[in-house]
Amino acid sequence: MEYREDVRVFLMYDLGTFAARSGQHKAELVKAPEIDLKALKLIIELKYAKDIITCAVKAINACSDKSRKILTGVYILDKTNREVMKEVGYKKSRYWDLKHIAIDEFIDNFAKIQKEMNLKPSFKLIK
């Protein structure tokens with residue numbers, strides 16, 4: 001159910017009632033609210049950081065199994081390349097080829113997901 005009321009009636013009579021119920025006076029509504037700009041900037045930065053992390057997680061999860069194991073091992077779990085190499089079961093030269101493939105796959109996925117999420121400001125990952 002939608003309630004309709006003439007805007008002039010609302011402004012003239014109801015606004016004062018609502019102001020009083022909220023513990024204010026109508027005259028106080030004219031004052032501009034003080035905004036803590038530092039807190040607002042921090043909130044915006046935190047949201048952006050959370051969005052970037054979400055994008056990165058989605059990009060890693062969109063990678064192939066081998067690429068995901070390499071990326072999470074080296075860059076998330078901070079394992080050495082030698083440890084990850086043993087875990088995935090490849091010799092040195094093949095492992096480095098796979099690591100480059102994993103990084104390329106991540107870059108492509110990140111760019112695609114960043115665009116889907118409409119992250120602003122956007123940035124391009126490079127090797």
# chains A, B, ... in the order shown; residues from 1 in each chain; ligands from 1
call {"tool": "select_by_dssp", "arguments": {"residues": "chain A", "states": "helix (DSSP H, G or I)", "output": "MDAnalysis selection string"}}
result
chainID A and resid 7:21 26:30 37:61 65:76 81:88 92:117
call {"tool": "closest_atom_pairs", "arguments": {"of": "segment 16-62 of chain A", "to": "segment 114-122 of chain A", "cutoff": "8 Å", "atoms": "only C-alpha atoms", "output": "CSV"}}
result
residue,atom,partner,partner_atom,distance
A:Tyr48,CA,A:Leu119,CA,7.9
A:Asp51,CA,A:Leu119,CA,7.4
A:Ile52,CA,A:Leu119,CA,7.9
A:Cys55,CA,A:Gln114,CA,6.2
call {"tool": "write_last_selection", "arguments": {"atoms": "all heavy atoms", "output": "mmCIF file, in the first residue's frame"}}
result
data_model
loop_
_atom_site.group_PDB
_atom_site.id
_atom_site.type_symbol
_atom_site.label_atom_id
_atom_site.label_comp_id
_atom_site.auth_asym_id
_atom_site.auth_seq_id
_atom_site.Cartn_x
_atom_site.Cartn_y
_atom_site.Cartn_z
ATOM 1 N N TYR A 48 36.904 -0.274 -1.453
ATOM 2 C CA TYR A 48 37.672 -0.515 -2.668
ATOM 3 C C TYR A 48 38.636 -1.681 -2.462
ATOM 4 O O TYR A 48 38.747 -2.558 -3.311
ATOM 5 C CB TYR A 48 38.430 0.749 -3.075
ATOM 6 C CG TYR A 48 39.213 0.591 -4.349
ATOM 7 C CD1 TYR A 48 38.558 0.473 -5.576
ATOM 8 C CD2 TYR A 48 40.597 0.553 -4.333
ATOM 9 C CE1 TYR A 48 39.260 0.323 -6.746
ATOM 10 C CE2 TYR A 48 41.311 0.407 -5.512
ATOM 11 C CZ TYR A 48 40.650 0.288 -6.717
ATOM 12 O OH TYR A 48 41.354 0.127 -7.880
ATOM 13 N N ASP A 51 36.734 -4.863 -2.570
ATOM 14 C CA ASP A 51 36.361 -5.184 -3.943
ATOM 15 C C ASP A 51 37.538 -5.754 -4.729
ATOM 16 O O ASP A 51 37.380 -6.695 -5.510
ATOM 17 C CB ASP A 51 35.806 -3.951 -4.661
ATOM 18 C CG ASP A 51 34.436 -3.536 -4.153
ATOM 19 O OD1 ASP A 51 33.767 -4.356 -3.482
ATOM 20 O OD2 ASP A 51 34.026 -2.396 -4.432
ATOM 21 N N ILE A 52 38.732 -5.200 -4.524
ATOM 22 C CA ILE A 52 39.922 -5.709 -5.207
ATOM 23 C C ILE A 52 40.224 -7.135 -4.755
ATOM 24 O O ILE A 52 40.547 -8.002 -5.572
ATOM 25 C CB ILE A 52 41.139 -4.787 -4.969
ATOM 26 C CG1 ILE A 52 40.923 -3.445 -5.666
ATOM 27 C CG2 ILE A 52 42.440 -5.442 -5.422
ATOM 28 C CD1 ILE A 52 40.863 -3.522 -7.177
ATOM 29 N N CYS A 55 37.773 -9.453 -6.350
ATOM 30 C CA CYS A 55 38.144 -9.617 -7.755
ATOM 31 C C CYS A 55 39.312 -10.601 -7.887
ATOM 32 O O CYS A 55 39.294 -11.491 -8.751
ATOM 33 C CB CYS A 55 38.509 -8.260 -8.353
ATOM 34 S SG CYS A 55 38.872 -8.293 -10.104
#
call {"tool": "atom_distance", "arguments": {"atom1": "atom CA of Glu87 of chain A", "atom2": "atom CA of Asn109 of chain A"}}
result
23.8 Å
call {"tool": "residues_around", "arguments": {"residues": "Leu71 of chain A", "least_positions_apart": "3", "cutoff": "8 Å", "atoms": "only C-alpha atoms", "output": "PyMOL selection string"}}
result
chain A and resi 60+67-68+74-76+99+102-103
call {"tool": "residues_around", "arguments": {"residues": "His100 of chain A", "least_positions_apart": "3", "cutoff": "12 Å", "atoms": "only C-alpha atoms", "output": "mmCIF file with N, CA, C and O atoms, in the first residue's frame"}}
result
data_model
loop_
_atom_site.group_PDB
_atom_site.id
_atom_site.type_symbol
_atom_site.label_atom_id
_atom_site.label_comp_id
_atom_site.auth_asym_id
_atom_site.auth_seq_id
_atom_site.Cartn_x
_atom_site.Cartn_y
_atom_site.Cartn_z
ATOM 1 N N LYS A 66 45.878 -26.469 -12.070
ATOM 2 C CA LYS A 66 47.338 -26.318 -11.941
ATOM 3 C C LYS A 66 47.708 -24.879 -11.639
ATOM 4 O O LYS A 66 48.521 -24.607 -10.746
ATOM 5 N N SER A 67 47.112 -23.971 -12.392
ATOM 6 C CA SER A 67 47.415 -22.544 -12.184
ATOM 7 C C SER A 67 46.997 -22.107 -10.792
ATOM 8 O O SER A 67 47.722 -21.368 -10.115
ATOM 9 N N ILE A 70 49.492 -23.289 -8.179
ATOM 10 C CA ILE A 70 50.730 -22.508 -8.213
ATOM 11 C C ILE A 70 50.511 -21.122 -7.610
ATOM 12 O O ILE A 70 51.276 -20.673 -6.751
ATOM 13 N N LEU A 71 49.470 -20.441 -8.042
ATOM 14 C CA LEU A 71 49.207 -19.083 -7.557
ATOM 15 C C LEU A 71 48.938 -19.040 -6.062
ATOM 16 O O LEU A 71 49.483 -18.196 -5.349
ATOM 17 N N SER A 93 61.996 -26.758 -15.297
ATOM 18 C CA SER A 93 61.662 -26.024 -16.525
ATOM 19 C C SER A 93 60.155 -26.044 -16.803
ATOM 20 O O SER A 93 59.573 -25.034 -17.185
ATOM 21 N N ARG A 94 59.524 -27.183 -16.611
ATOM 22 C CA ARG A 94 58.074 -27.276 -16.841
ATOM 23 C C ARG A 94 57.307 -26.443 -15.808
ATOM 24 O O ARG A 94 56.317 -25.798 -16.136
ATOM 25 N N TYR A 95 57.777 -26.435 -14.568
ATOM 26 C CA TYR A 95 57.134 -25.645 -13.525
ATOM 27 C C TYR A 95 57.152 -24.162 -13.883
ATOM 28 O O TYR A 95 56.140 -23.477 -13.753
ATOM 29 N N TRP A 96 58.297 -23.641 -14.336
ATOM 30 C CA TRP A 96 58.389 -22.225 -14.665
ATOM 31 C C TRP A 96 57.499 -21.873 -15.850
ATOM 32 O O TRP A 96 56.905 -20.802 -15.877
ATOM 33 N N ASP A 97 57.378 -22.792 -16.803
ATOM 34 C CA ASP A 97 56.436 -22.579 -17.910
ATOM 35 C C ASP A 97 55.003 -22.482 -17.376
ATOM 36 O O ASP A 97 54.239 -21.598 -17.762
ATOM 37 N N ILE A 103 50.222 -17.048 -14.338
ATOM 38 C CA ILE A 103 50.199 -15.591 -14.179
ATOM 39 C C ILE A 103 49.415 -14.949 -15.319
ATOM 40 O O ILE A 103 48.595 -14.051 -15.093
ATOM 41 N N ASP A 104 49.630 -15.424 -16.550
ATOM 42 C CA ASP A 104 48.880 -14.896 -17.697
ATOM 43 C C ASP A 104 47.378 -15.153 -17.540
ATOM 44 O O ASP A 104 46.554 -14.279 -17.823
ATOM 45 N N GLU A 105 47.060 -16.344 -17.076
ATOM 46 C CA GLU A 105 45.655 -16.707 -16.858
ATOM 47 C C GLU A 105 45.019 -15.794 -15.805
ATOM 48 O O GLU A 105 43.899 -15.305 -15.974
ATOM 49 N N PHE A 106 45.763 -15.552 -14.721
ATOM 50 C CA PHE A 106 45.268 -14.676 -13.663
ATOM 51 C C PHE A 106 45.057 -13.257 -14.183
ATOM 52 O O PHE A 106 44.036 -12.630 -13.898
ATOM 53 N N ILE A 107 46.015 -12.735 -14.942
ATOM 54 C CA ILE A 107 45.895 -11.376 -15.491
ATOM 55 C C ILE A 107 44.641 -11.251 -16.340
ATOM 56 O O ILE A 107 43.877 -10.289 -16.206
ATOM 57 N N LYS A 127 52.979 -7.941 -16.572
ATOM 58 C CA LYS A 127 54.078 -8.810 -16.143
ATOM 59 C C LYS A 127 55.392 -8.073 -16.234
ATOM 60 O O LYS A 127 55.608 -7.275 -17.064
#
call {"tool": "atom_distance", "arguments": {"atom1": "atom CA of Gly16 of chain A", "atom2": "atom CA of Glu34 of chain A"}}
result
21.3 Å
call {"tool": "atom_distance", "arguments": {"atom1": "atom CA of Ala59 of chain A", "atom2": "atom CA of Thr72 of chain A"}}
result
11.4 Å
